[in-house]
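Colleague: protein35.tsv is the file, holding TSV, C-alpha atoms:
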```
chain	number	residue	atom	x	y	z
Z	1	LYS	CA	54.80	57.87	6.98
Z	2	VAL	CA	54.68	54.88	9.29
Z	3	PHE	CA	57.96	52.90	9.37
Z	4	PHE	CA	57.76	49.16	10.00
Z	5	THR	CA	61.52	48.80	9.52
Z	6	GLU	CA	64.19	51.23	8.35
Z	7	GLN	CA	63.56	50.08	4.80
Z	8	GLN	CA	59.76	49.54	4.85
Z	9	SER	CA	57.20	52.33	5.35
Z	10	VAL	CA	53.68	53.24	4.19
Z	11	MET	CA	51.70	56.47	4.03
Z	12	LEU	CA	48.87	56.97	6.52
Z	13	GLY	CA	46.34	59.73	5.89
Z	14	TRP	CA	43.28	60.93	7.82
Z	15	ASN	CA	40.96	63.89	8.28
Z	16	VAL	CA	40.71	66.07	11.37
Z	17	ASP	CA	37.16	64.75	11.98
Z	18	ASP	CA	38.20	61.06	11.74
Z	19	ASP	CA	38.09	59.16	15.02
Z	20	PRO	CA	41.77	58.33	15.68
Z	21	ARG	CA	40.86	54.93	17.16
Z	22	ASP	CA	39.03	54.00	13.96
Z	23	VAL	CA	41.94	55.24	11.84
Z	24	VAL	CA	44.49	53.23	13.80
Z	25	ASP	CA	42.32	50.10	14.14
Z	26	ASN	CA	41.74	49.97	10.38
Z	27	PHE	CA	45.41	50.61	9.65
Z	28	ALA	CA	46.54	48.00	12.19
Z	29	ALA	CA	44.19	45.38	10.74
Z	30	LEU	CA	45.43	46.10	7.21
Z	31	TYR	CA	49.13	45.80	8.07
Z	32	SER	CA	48.99	43.43	11.09
Z	33	LEU	CA	50.64	45.90	13.45
Z	34	THR	CA	51.91	44.81	16.83
Z	35	GLU	CA	50.19	46.35	19.86
Z	36	ASP	CA	53.30	48.39	20.64
Z	37	LEU	CA	53.47	49.89	17.15
Z	38	LYS	CA	49.71	50.39	17.12
Z	39	LEU	CA	49.97	52.47	20.31
Z	40	GLN	CA	52.77	54.56	18.82
Z	41	VAL	CA	50.69	55.26	15.70
Z	42	TYR	CA	47.71	56.27	17.85
Z	43	GLN	CA	49.84	58.64	19.92
Z	44	PHE	CA	50.99	60.25	16.68
Z	45	VAL	CA	47.51	60.50	15.05
Z	46	ALA	CA	45.30	61.53	17.99
Z	47	PRO	CA	46.78	65.02	18.63
Z	48	LYS	CA	46.30	65.86	14.96
Z	49	THR	CA	42.50	65.36	15.08
Z	50	ASP	CA	39.80	67.70	16.41
Z	51	PRO	CA	37.54	66.18	19.12
Z	52	GLN	CA	34.77	68.74	18.45
Z	53	ALA	CA	34.83	68.04	14.71
Z	54	ILE	CA	34.78	64.29	15.44
Z	55	ALA	CA	31.72	64.66	17.69
Z	56	MET	CA	29.90	66.77	15.08
Z	57	ARG	CA	30.64	64.23	12.36
Z	58	LYS	CA	29.44	61.32	14.49
Z	59	GLU	CA	26.19	63.15	15.26
Z	60	ARG	CA	25.70	64.02	11.59
Z	61	GLU	CA	26.29	60.42	10.54
Z	62	ARG	CA	23.92	59.18	13.26
Z	63	ARG	CA	21.16	61.45	11.95
Z	64	GLU	CA	21.84	60.39	8.37
Z	65	ARG	CA	21.50	56.72	9.34
Z	66	ILE	CA	18.17	57.43	11.02
Z	67	GLN	CA	16.89	59.48	8.09
Z	68	ALA	CA	17.74	56.66	5.71
Z	69	LEU	CA	15.31	54.46	7.65
Z	70	THR	CA	12.35	56.90	7.50
Z	71	LYS	CA	9.92	57.66	4.69
Z	72	HIS	CA	8.37	61.01	5.59
Z	73	VAL	CA	10.67	62.75	8.08
Z	74	PRO	CA	12.32	65.09	8.51
Z	75	ASN	CA	9.88	66.94	6.30
Z	76	TRP	CA	12.47	69.45	5.06
Z	77	GLN	CA	14.51	66.62	3.51
Z	78	LYS	CA	11.84	64.13	2.45
Z	79	HIS	CA	9.07	66.21	0.91
Z	80	GLY	CA	9.61	69.88	1.68
Z	81	PHE	CA	6.73	72.29	2.20
Z	82	LYS	CA	3.10	71.46	1.52
Z	83	LEU	CA	1.52	74.07	-0.75
Z	84	PHE	CA	-2.18	74.74	-1.26
Z	85	ALA	CA	-1.65	75.34	-4.96
Z	86	ASP	CA	-5.06	75.00	-6.66
Z	87	THR	CA	-5.68	77.80	-9.18
Z	88	SER	CA	-8.56	76.15	-11.05
Z	89	LYS	CA	-11.29	78.47	-9.71
Z	90	LEU	CA	-9.88	81.87	-10.60
Z	91	GLY	CA	-12.83	82.59	-12.93
Z	92	PRO	CA	-15.52	82.21	-10.23
Z	93	MET	CA	-13.25	84.10	-7.80
Z	94	ARG	CA	-13.02	87.07	-10.18
Z	95	LYS	CA	-16.79	87.17	-10.65
Z	96	ARG	CA	-17.49	87.02	-6.94
Z	97	LEU	CA	-14.98	89.73	-6.06
Z	98	ASP	CA	-16.18	91.92	-8.91
Z	99	LYS	CA	-19.76	91.63	-7.65
Z	100	ILE	CA	-18.76	92.63	-4.12
Z	101	LEU	CA	-16.72	95.59	-5.37
Z	102	THR	CA	-19.67	96.73	-7.52
Z	103	SER	CA	-22.00	96.59	-4.54
Z	104	LYS	CA	-19.56	98.78	-2.57
Z	105	SER	CA	-18.97	101.18	-5.47
Z	106	GLU	CA	-15.23	100.53	-5.10
Z	107	ASP	CA	-12.61	101.43	-7.70
Z	108	LYS	CA	-11.67	98.28	-9.61
Z	109	LYS	CA	-8.38	99.27	-11.22
Z	110	GLY	CA	-6.12	97.56	-8.68
Z	111	PHE	CA	-8.45	94.55	-8.48
Z	112	GLN	CA	-8.40	94.07	-12.25
Z	113	ALA	CA	-4.60	94.23	-12.31
Z	114	LEU	CA	-4.45	91.73	-9.44
Z	115	MET	CA	-6.70	89.24	-11.17
Z	116	SER	CA	-4.80	89.58	-14.45
Z	117	THR	CA	-1.60	88.74	-12.58
Z	118	LEU	CA	-3.16	85.75	-10.83
Z	119	GLU	CA	-4.74	84.40	-14.01
Z	120	ASN	CA	-1.33	84.37	-15.75
Z	121	THR	CA	-0.21	81.32	-13.77
Z	122	SER	CA	2.77	80.48	-15.98
Z	123	LYS	CA	4.44	83.80	-15.05
Z	124	TYR	CA	4.22	83.61	-11.26
Z	125	HIS	CA	8.01	83.33	-11.07
Z	126	SER	CA	8.73	86.48	-13.11
Z	127	SER	CA	5.75	88.84	-13.49
Z	128	PRO	CA	5.63	92.08	-11.47
Z	129	PHE	CA	3.24	92.80	-8.60
Z	130	SER	CA	2.31	96.46	-8.35
Z	131	GLU	CA	1.59	98.70	-5.37
Z	132	GLY	CA	-1.95	99.04	-6.73
Z	133	GLU	CA	-2.45	95.27	-6.58
Z	134	LEU	CA	-1.12	95.14	-3.03
Z	135	ALA	CA	-3.41	98.00	-2.02
Z	136	ALA	CA	-6.43	96.29	-3.60
Z	137	LEU	CA	-5.67	93.06	-1.77
Z	138	ASN	CA	-5.17	94.92	1.50
Z	139	LYS	CA	-8.53	96.68	1.10
Z	140	MET	CA	-10.38	93.44	0.33
Z	141	LEU	CA	-8.89	91.72	3.37
Z	142	LYS	CA	-10.62	94.31	5.55
Z	143	TRP	CA	-13.99	92.90	4.54
Z	144	THR	CA	-15.85	90.65	6.95
Z	145	GLY	CA	-18.22	87.67	6.90
Z	146	LYS	CA	-18.81	85.93	3.58
Z	147	GLU	CA	-17.39	88.84	1.62
Z	148	VAL	CA	-13.84	88.24	2.85
Z	149	LEU	CA	-13.75	84.57	1.78
Z	150	PRO	CA	-12.78	85.11	-1.89
Z	151	ALA	CA	-10.27	87.75	-0.75
Z	152	LEU	CA	-8.60	85.23	1.57
Z	153	ASP	CA	-8.51	82.69	-1.24
Z	154	ALA	CA	-6.94	85.32	-3.50
Z	155	LEU	CA	-4.31	85.86	-0.79
Z	156	ARG	CA	-3.60	82.10	-0.77
Z	157	ILE	CA	-2.86	82.29	-4.49
Z	158	VAL	CA	-0.82	85.50	-4.21
Z	159	MET	CA	1.43	83.53	-1.82
Z	160	GLN	CA	2.49	81.45	-4.84
Z	161	HIS	CA	3.55	84.52	-6.82
Z	162	ALA	CA	7.24	85.31	-6.29
Z	163	GLU	CA	6.94	89.08	-6.08
Z	164	GLY	CA	3.48	88.96	-4.52
Z	165	VAL	CA	4.59	86.86	-1.56
Z	166	ARG	CA	7.66	89.04	-1.08
Z	167	GLN	CA	5.54	92.17	-0.79
Z	168	VAL	CA	2.84	90.59	1.36
Z	169	SER	CA	5.43	89.15	3.77
Z	170	GLN	CA	6.72	92.69	4.26
Z	171	SER	CA	3.24	94.19	4.77
Z	172	ASN	CA	2.48	94.31	8.47
Z	173	GLU	CA	-1.05	95.51	7.67
Z	174	ILE	CA	-1.90	92.43	5.62
Z	175	LYS	CA	-0.26	90.03	8.08
Z	176	GLN	CA	-2.21	91.51	10.96
Z	177	ALA	CA	-5.42	91.32	8.91
Z	178	VAL	CA	-4.92	87.56	8.50
Z	179	LEU	CA	-4.34	87.11	12.22
Z	180	GLY	CA	-7.46	89.17	12.83
Z	181	HIS	CA	-9.51	86.79	10.72
Z	182	LEU	CA	-8.18	83.87	12.77
Z	183	ARG	CA	-9.01	85.65	16.05
Z	184	ASP	CA	-12.50	86.65	14.90
Z	185	PRO	CA	-14.95	85.03	17.38
Z	186	ASN	CA	-17.60	84.96	14.65
Z	187	ALA	CA	-15.33	83.42	12.01
Z	188	SER	CA	-16.90	80.68	9.89
Z	189	LYS	CA	-15.06	77.43	9.26
Z	190	HIS	CA	-14.33	78.63	5.72
Z	191	GLN	CA	-12.74	81.85	7.02
Z	192	LEU	CA	-10.49	79.89	9.37
Z	193	MET	CA	-9.57	77.32	6.72
Z	194	LEU	CA	-8.68	79.91	4.07
Z	195	SER	CA	-6.67	82.01	6.53
Z	196	LEU	CA	-4.66	78.96	7.61
Z	197	ARG	CA	-4.06	77.90	4.01
Z	198	ALA	CA	-2.77	81.38	3.17
Z	199	LEU	CA	-0.41	81.21	6.16
Z	200	ALA	CA	0.83	77.76	5.14
Z	201	ASN	CA	1.65	79.09	1.68
Z	202	MET	CA	3.37	82.16	3.13
Z	203	VAL	CA	5.71	79.98	5.19
Z	204	ALA	CA	6.44	77.86	2.12
Z	205	ARG	CA	7.04	80.62	-0.42
Z	206	ARG	CA	8.33	83.64	1.53
Z	207	PRO	CA	11.83	84.51	0.24
Z	208	ARG	CA	14.56	83.92	2.83
Z	209	THR	CA	17.08	86.53	3.83
Z	210	GLU	CA	20.79	85.81	3.44
Z	211	ASN	CA	21.26	85.60	7.23
Z	212	GLU	CA	18.34	83.20	7.40
Z	213	ARG	CA	19.79	80.86	4.79
Z	214	LYS	CA	23.42	80.98	5.90
Z	215	GLU	CA	23.27	81.52	9.66
Z	216	GLY	CA	19.79	80.44	10.76
Z	217	LYS	CA	18.92	83.98	11.87
Z	218	ALA	CA	15.46	84.95	10.66
Z	219	PRO	CA	14.23	88.57	10.87
Z	220	THR	CA	12.77	89.26	14.32
Z	221	GLU	CA	9.48	90.50	12.89
Z	222	ILE	CA	9.02	87.26	10.93
Z	223	VAL	CA	9.72	85.07	13.95
Z	224	GLU	CA	7.30	87.13	16.04
Z	225	PHE	CA	4.65	86.92	13.31
Z	226	PHE	CA	4.96	83.15	13.08
Z	227	GLN	CA	4.79	82.91	16.88
Z	228	ASN	CA	1.56	84.90	16.88
Z	229	ALA	CA	0.21	82.86	13.98
Z	230	VAL	CA	0.97	79.62	15.85
Z	231	LYS	CA	-0.91	80.94	18.91
Z	232	CYS	CA	-3.90	81.82	16.71
Z	233	THR	CA	-3.75	78.34	15.18
Z	234	ALA	CA	-3.81	76.79	18.64
Z	235	ASN	CA	-7.06	78.61	19.36
Z	236	CYS	CA	-8.58	77.63	16.00
Z	237	LEU	CA	-7.75	73.96	16.49
Z	238	SER	CA	-9.12	73.95	20.02
Z	239	VAL	CA	-12.42	75.49	18.90
Z	240	SER	CA	-13.09	74.09	15.44
Z	241	LYS	CA	-13.85	70.42	14.86
Z	242	ASP	CA	-14.06	70.87	11.09
Z	243	ASP	CA	-11.72	68.48	9.26
Z	244	ASN	CA	-10.66	71.04	6.64
Z	245	VAL	CA	-9.82	73.65	9.26
Z	246	ARG	CA	-7.84	71.16	11.31
Z	247	THR	CA	-5.97	69.82	8.29
Z	248	ALA	CA	-5.08	73.37	7.16
Z	249	GLY	CA	-3.85	74.13	10.69
Z	250	CYS	CA	-1.69	71.00	10.80
Z	251	VAL	CA	-0.22	71.81	7.37
Z	252	PHE	CA	0.67	75.32	8.54
Z	253	LEU	CA	2.34	73.95	11.69
Z	254	SER	CA	4.18	71.29	9.67
Z	255	ASN	CA	5.44	74.00	7.31
Z	256	VAL	CA	6.69	76.03	10.29
Z	257	ILE	CA	8.73	73.03	11.45
Z	258	CYS	CA	9.96	72.52	7.87
Z	259	TRP	CA	11.10	76.17	7.74
Z	260	ILE	CA	12.92	75.84	11.09
Z	261	GLY	CA	14.66	72.59	10.11
Z	262	MET	CA	15.53	73.63	6.56
Z	263	ASN	CA	17.16	76.89	7.65
Z	264	LYS	CA	18.45	75.68	11.06
Z	265	ILE	CA	16.49	78.44	12.78
Z	266	LYS	CA	17.07	78.63	16.52
Z	267	ALA	CA	13.48	78.49	17.78
Z	268	THR	CA	13.15	75.96	20.59
Z	269	SER	CA	10.17	77.64	22.26
Z	270	LEU	CA	8.29	77.85	18.95
Z	271	MET	CA	8.84	74.15	18.25
Z	272	ASN	CA	7.72	73.26	21.77
Z	273	GLU	CA	4.55	75.26	21.24
Z	274	VAL	CA	3.84	73.40	17.98
Z	275	ILE	CA	4.34	70.10	19.82
Z	276	ASP	CA	1.97	71.26	22.59
Z	277	ILE	CA	-0.75	72.05	20.06
Z	278	LEU	CA	-0.36	68.87	18.04
Z	279	SER	CA	-0.18	66.60	21.08
Z	280	LEU	CA	-3.77	67.65	21.79
Z	281	VAL	CA	-4.86	67.46	18.15
Z	282	LEU	CA	-3.48	63.94	17.76
Z	283	MET	CA	-5.43	62.81	20.81
Z	284	THR	CA	-8.73	63.84	19.20
Z	285	PRO	CA	-10.86	60.73	18.60
Z	286	GLU	CA	-11.46	59.91	14.94
Z	287	ALA	CA	-8.93	62.45	13.65
Z	288	LYS	CA	-8.93	62.35	9.85
Z	289	GLU	CA	-6.08	61.42	7.51
Z	290	GLY	CA	-4.78	64.95	6.82
Z	291	VAL	CA	-4.73	65.83	10.52
Z	292	LEU	CA	-2.97	62.60	11.48
Z	293	TYR	CA	-0.45	62.69	8.66
Z	294	TYR	CA	0.69	66.32	8.92
Z	295	GLY	CA	0.48	66.25	12.72
Z	296	LEU	CA	2.70	63.17	12.93
Z	297	VAL	CA	5.16	64.48	10.35
Z	298	ALA	CA	5.43	67.84	12.17
Z	299	VAL	CA	6.08	66.48	15.67
Z	300	THR	CA	8.45	63.77	14.44
Z	301	SER	CA	10.43	66.23	12.33
Z	302	ALA	CA	10.63	68.60	15.30
Z	303	GLY	CA	12.03	65.76	17.40
Z	304	MET	CA	14.85	65.33	14.87
Z	305	VAL	CA	16.13	68.89	15.26
Z	306	ASP	CA	17.93	68.19	18.54
Z	307	ASP	CA	17.79	65.92	21.58
Z	308	GLU	CA	16.19	68.55	23.81
Z	309	ILE	CA	13.20	68.84	21.48
Z	310	LYS	CA	13.05	65.06	21.12
Z	311	ILE	CA	12.80	64.57	24.90
Z	312	TYR	CA	10.08	67.20	25.11
Z	313	ALA	CA	8.14	65.51	22.29
Z	314	GLN	CA	8.46	62.11	23.96
Z	315	GLN	CA	6.98	63.49	27.18
Z	316	LYS	CA	4.09	65.24	25.45
Z	317	LEU	CA	3.16	62.54	22.96
Z	318	ALA	CA	3.20	59.29	24.92
Z	319	ARG	CA	-0.60	59.24	25.28
Z	320	ALA	CA	-1.18	60.39	21.71
Z	321	SER	CA	0.83	57.42	20.45
Z	322	LYS	CA	-1.67	54.95	21.89
Z	323	LEU	CA	-4.68	56.79	20.44
Z	324	VAL	CA	-3.16	57.10	16.98
Z	325	GLU	CA	-2.21	53.42	17.03
Z	326	SER	CA	-5.84	52.43	17.60
Z	327	SER	CA	-7.30	54.69	14.88
Z	328	ASN	CA	-8.11	53.76	11.28
Z	329	LYS	CA	-5.15	54.74	9.11
Z	330	THR	CA	-4.33	55.09	5.42
Z	331	GLN	CA	-0.99	53.85	4.08
Z	332	ALA	CA	0.58	57.31	4.29
Z	333	VAL	CA	-0.50	57.68	7.92
Z	334	ILE	CA	0.74	54.16	8.74
Z	335	GLU	CA	4.17	55.08	7.35
Z	336	ALA	CA	4.20	58.44	9.16
Z	337	PHE	CA	3.24	56.66	12.39
Z	338	GLU	CA	6.08	54.16	11.91
Z	339	ASP	CA	8.49	57.09	11.50
Z	340	PHE	CA	6.98	58.68	14.62
Z	341	ARG	CA	7.50	55.58	16.76
Z	342	LYS	CA	10.95	54.91	15.36
Z	343	ILE	CA	12.31	58.43	15.96
Z	344	LEU	CA	10.56	59.26	19.22
Z	345	GLN	CA	10.80	55.68	20.51
Z	346	LEU	CA	7.18	55.58	21.63
```
Give the structure from this file in structure tokens form.
Modeller:
Amino acid sequence: KVFFTEQQSVMLGWNVDDDPRDVVDNFAALYSLTEDLKLQVYQFVAPKTDPQAIAMRKERERRERIQALTKHVPNWQKHGFKLFADTSKLGPMRKRLDKILTSKSEDKKGFQALMSTLENTSKYHSSPFSEGELAALNKMLKWTGKEVLPALDALRIVMQHAEGVRQVSQSNEIKQAVLGHLRDPNASKHQLMLSLRALANMVARRPRTENERKEGKAPTEIVEFFQNAVKCTANCLSVSKDDNVRTAGCVFLSNVICWIGMNKIKATSLMNEVIDILSLVLMTPEAKEGVLYYGLVAVTSAGMVDDEIKIYAQQKLARASKLVESSNKTQAVIEAFEDFRKILQL
């Protein structure tokens, strides 16, 4: 209680994360307190607040105000992950894979079970995924050249299956096979594109561990895999000028940032590496809509994780800002660019 006189008093309440100056200023304005009484109230309130909690609340509110002014960032709050979800060509995929398996005289039991699972699209959330299906997928991903393309596309779709993505994300053999297809010096643009799309879907659909969700501590092997995948993506984007490859790469990198931000993963070096890659991609003349949009969303979202990342992004992207500004842009890219300039102050 605050006593104005011996007979007159009012209740004053506050939270430990309330700024005591704000509490007292509002209270003083409401009840026209004298400066002397105002100081006494402040001296009573201030020790009962927590400076660290106050600072955290102010930072949270600052970020919320910024986010209310943006349309596409941070990606984990505005739109979430981008998924390559098309399942309309499962029939042709089955025929092509069946033909390749016939030419190799391979056993088709696991393959047939795999395709049956993938064709039952309404049950992706609940249907099982057998060891035989995983083994068939693993075997097909060892193919090379044109033969591996439908296998990579099957992997992209498996990443949408709840149990399938769980098993694949735990299979070091399959994960290394995908990285191998990205590192292949003879890889076609289709091989690179499909590998990157599968990776993007893996980031989006891989089940999180409890520590990951609650404490921001992802399994070491997953962090290392994503780090290696980001390095492979950097090489792909530096070599390939194909729009579909570059868009798939930018989506994968944007999903990585979304995963970090959504789960509060501590991964400063990984975010810096993504910014390094995309700063070069965004400076490519005549970059297409998908590249510009997902590239801008990724680097801007990364800059919203903390001030250290934001400063790094500002330093790396100053030149890119001018090039993007002069390019032809769709409405989505215009909005993403406005978010980019607003958050990174470029």
Colleague: Need to verify the contact set: segment 163-176 of chain Z, 12 Å, only C-alpha atoms, exclusion of same-chain residues closer than 5 positions in sequence. Can you return it as number ranges by chain?
Modeller: Z: 114, 117-118, 123-142, 151-152, 154-158, 181-183, 195-196, 198-209, 219, 221-226, 228-229, 232
Colleague: Could you please give me, as a PyMOL selection string, the residues of protein, DNA or RNA lying at most 10 Å from (8.3, 74.8, 11.4) in the coordinate frame of the file, considering only C-alpha atoms?
Modeller: chain Z and resi 75-76+81+203-204+226+230+251-263+265+267+270-271+274+298-299+301-302
Colleague: Kindly save the residues from that selection, with C-alpha atoms included, as a PDB file, in the frame of the given file.
Modeller:
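result_20.pdb, written as the output of this step:
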```pdb
ATOM      1  CA  ASN Z  75       9.880  66.940   6.300  1.00  0.00           C
ATOM      2  CA  TRP Z  76      12.470  69.450   5.060  1.00  0.00           C
ATOM      3  CA  PHE Z  81       6.730  72.290   2.200  1.00  0.00           C
ATOM      4  CA  VAL Z 203       5.710  79.980   5.190  1.00  0.00           C
ATOM      5  CA  ALA Z 204       6.440  77.860   2.120  1.00  0.00           C
ATOM      6  CA  PHE Z 226       4.960  83.150  13.080  1.00  0.00           C
ATOM      7  CA  VAL Z 230       0.970  79.620  15.850  1.00  0.00           C
ATOM      8  CA  VAL Z 251      -0.220  71.810   7.370  1.00  0.00           C
ATOM      9  CA  PHE Z 252       0.670  75.320   8.540  1.00  0.00           C
ATOM     10  CA  LEU Z 253       2.340  73.950  11.690  1.00  0.00           C
ATOM     11  CA  SER Z 254       4.180  71.290   9.670  1.00  0.00           C
ATOM     12  CA  ASN Z 255       5.440  74.000   7.310  1.00  0.00           C
ATOM     13  CA  VAL Z 256       6.690  76.030  10.290  1.00  0.00           C
ATOM     14  CA  ILE Z 257       8.730  73.030  11.450  1.00  0.00           C
ATOM     15  CA  CYS Z 258       9.960  72.520   7.870  1.00  0.00           C
ATOM     16  CA  TRP Z 259      11.100  76.170   7.740  1.00  0.00           C
ATOM     17  CA  ILE Z 260      12.920  75.840  11.090  1.00  0.00           C
ATOM     18  CA  GLY Z 261      14.660  72.590  10.110  1.00  0.00           C
ATOM     19  CA  MET Z 262      15.530  73.630   6.560  1.00  0.00           C
ATOM     20  CA  ASN Z 263      17.160  76.890   7.650  1.00  0.00           C
ATOM     21  CA  ILE Z 265      16.490  78.440  12.780  1.00  0.00           C
ATOM     22  CA  ALA Z 267      13.480  78.490  17.780  1.00  0.00           C
ATOM     23  CA  LEU Z 270       8.290  77.850  18.950  1.00  0.00           C
ATOM     24  CA  MET Z 271       8.840  74.150  18.250  1.00  0.00           C
ATOM     25  CA  VAL Z 274       3.840  73.400  17.980  1.00  0.00           C
ATOM     26  CA  ALA Z 298       5.430  67.840  12.170  1.00  0.00           C
ATOM     27  CA  VAL Z 299       6.080  66.480  15.670  1.00  0.00           C
ATOM     28  CA  SER Z 301      10.430  66.230  12.330  1.00  0.00           C
ATOM     29  CA  ALA Z 302      10.630  68.600  15.300  1.00  0.00           C
TER      30      ALA Z 302
END
```
Colleague: Looking at all atoms listed in the file, which of Z:Met304, Z:Leu346, Z:Val45, Z:Ala336 is the one that sits closest to Ser321 of chain Z?
Modeller: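 Looking only at the distances to Ser321 of chain Z, the closest residue turns out to be Z:Leu346.
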Colleague: Near segment 67-72 of chain Z, within 7 Å and counting only C-alpha atoms, which residues show up once chain neighbours fewer than 5 positions away are dropped, as a VMD selection string?
Modeller: chain Z and resid 78 297 335 to 336 339
Colleague: Determine the nearest neighbour of Arg94 of chain Z from the options Z:Glu59, Z:Asp36, Z:Asp153, Z:Asp307, counting all atoms listed in the file.
Modeller: Z:Asp153
Colleague: When you draw a straight line from atom CA of Thr330 of chain Z to atom CA of Tyr293 of chain Z, how long is it in Å?
Modeller: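 Straight-line distance from atom CA of Thr330 of chain Z to atom CA of Tyr293 of chain Z works out to 9.1 Å.
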Colleague: One decimal, in Å: what's the spacing between atom CA of Pro47 of chain Z and atom CA of Asp25 of chain Z?
Modeller: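 According to the coordinates, atom CA of Pro47 of chain Z and atom CA of Asp25 of chain Z are separated by 16.2 Å.
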Colleague: What separation in Å, quoted to one decimal, exists between atom CA of Gly180 of chain Z and atom CA of Glu119 of chain Z?
Modeller: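 We find that atom CA of Gly180 of chain Z and atom CA of Glu119 of chain Z lie 27.4 Å from each other.
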Colleague: Regenerate segment 307-312 of chain Z at the level of all heavy atoms and dump it as a PDB file, keeping the file's coordinate frame.
Modeller:
```pdb
ATOM      1  N   ASP Z 307      18.210  66.860  20.529  1.00  0.00           N
ATOM      2  CA  ASP Z 307      17.790  65.920  21.580  1.00  0.00           C
ATOM      3  C   ASP Z 307      16.863  66.561  22.596  1.00  0.00           C
ATOM      4  O   ASP Z 307      15.997  65.891  23.158  1.00  0.00           O
ATOM      5  CB  ASP Z 307      19.019  65.335  22.279  1.00  0.00           C
ATOM      6  CG  ASP Z 307      19.787  64.364  21.386  1.00  0.00           C
ATOM      7  OD1 ASP Z 307      19.166  63.839  20.441  1.00  0.00           O
ATOM      8  OD2 ASP Z 307      20.987  64.152  21.626  1.00  0.00           O
ATOM      9  N   GLU Z 308      17.049  67.855  22.857  1.00  0.00           N
ATOM     10  CA  GLU Z 308      16.190  68.550  23.810  1.00  0.00           C
ATOM     11  C   GLU Z 308      14.733  68.552  23.336  1.00  0.00           C
ATOM     12  O   GLU Z 308      13.805  68.269  24.102  1.00  0.00           O
ATOM     13  CB  GLU Z 308      16.679  69.976  24.013  1.00  0.00           C
ATOM     14  CG  GLU Z 308      15.873  70.777  25.030  1.00  0.00           C
ATOM     15  CD  GLU Z 308      16.348  72.212  25.162  1.00  0.00           C
ATOM     16  OE1 GLU Z 308      17.447  72.528  24.673  1.00  0.00           O
ATOM     17  OE2 GLU Z 308      15.605  73.032  25.745  1.00  0.00           O
ATOM     18  N   ILE Z 309      14.550  68.849  22.059  1.00  0.00           N
ATOM     19  CA  ILE Z 309      13.200  68.840  21.480  1.00  0.00           C
ATOM     20  C   ILE Z 309      12.644  67.421  21.469  1.00  0.00           C
ATOM     21  O   ILE Z 309      11.459  67.196  21.739  1.00  0.00           O
ATOM     22  CB  ILE Z 309      13.210  69.410  20.045  1.00  0.00           C
ATOM     23  CG1 ILE Z 309      13.740  70.839  20.040  1.00  0.00           C
ATOM     24  CG2 ILE Z 309      11.821  69.365  19.446  1.00  0.00           C
ATOM     25  CD1 ILE Z 309      12.883  71.835  20.757  1.00  0.00           C
ATOM     26  N   LYS Z 310      13.489  66.459  21.161  1.00  0.00           N
ATOM     27  CA  LYS Z 310      13.050  65.060  21.120  1.00  0.00           C
ATOM     28  C   LYS Z 310      12.521  64.615  22.481  1.00  0.00           C
ATOM     29  O   LYS Z 310      11.465  63.980  22.572  1.00  0.00           O
ATOM     30  CB  LYS Z 310      14.213  64.169  20.681  1.00  0.00           C
ATOM     31  CG  LYS Z 310      13.866  62.686  20.636  1.00  0.00           C
ATOM     32  CD  LYS Z 310      15.063  61.877  20.174  1.00  0.00           C
ATOM     33  CE  LYS Z 310      14.765  60.385  20.212  1.00  0.00           C
ATOM     34  NZ  LYS Z 310      15.910  59.573  19.751  1.00  0.00           N
ATOM     35  N   ILE Z 311      13.238  64.942  23.542  1.00  0.00           N
ATOM     36  CA  ILE Z 311      12.800  64.570  24.900  1.00  0.00           C
ATOM     37  C   ILE Z 311      11.466  65.220  25.227  1.00  0.00           C
ATOM     38  O   ILE Z 311      10.568  64.578  25.790  1.00  0.00           O
ATOM     39  CB  ILE Z 311      13.884  64.950  25.929  1.00  0.00           C
ATOM     40  CG1 ILE Z 311      15.119  64.075  25.735  1.00  0.00           C
ATOM     41  CG2 ILE Z 311      13.347  64.813  27.352  1.00  0.00           C
ATOM     42  CD1 ILE Z 311      16.334  64.544  26.509  1.00  0.00           C
ATOM     43  N   TYR Z 312      11.337  66.488  24.854  1.00  0.00           N
ATOM     44  CA  TYR Z 312      10.080  67.200  25.110  1.00  0.00           C
ATOM     45  C   TYR Z 312       8.924  66.526  24.361  1.00  0.00           C
ATOM     46  O   TYR Z 312       7.838  66.318  24.910  1.00  0.00           O
ATOM     47  CB  TYR Z 312      10.201  68.663  24.686  1.00  0.00           C
ATOM     48  CG  TYR Z 312       9.012  69.509  25.080  1.00  0.00           C
ATOM     49  CD1 TYR Z 312       8.872  69.982  26.378  1.00  0.00           C
ATOM     50  CD2 TYR Z 312       8.013  69.828  24.153  1.00  0.00           C
ATOM     51  CE1 TYR Z 312       7.788  70.752  26.751  1.00  0.00           C
ATOM     52  CE2 TYR Z 312       6.929  70.591  24.518  1.00  0.00           C
ATOM     53  CZ  TYR Z 312       6.816  71.056  25.818  1.00  0.00           C
ATOM     54  OH  TYR Z 312       5.725  71.809  26.177  1.00  0.00           O
TER      55      TYR Z 312
END
```
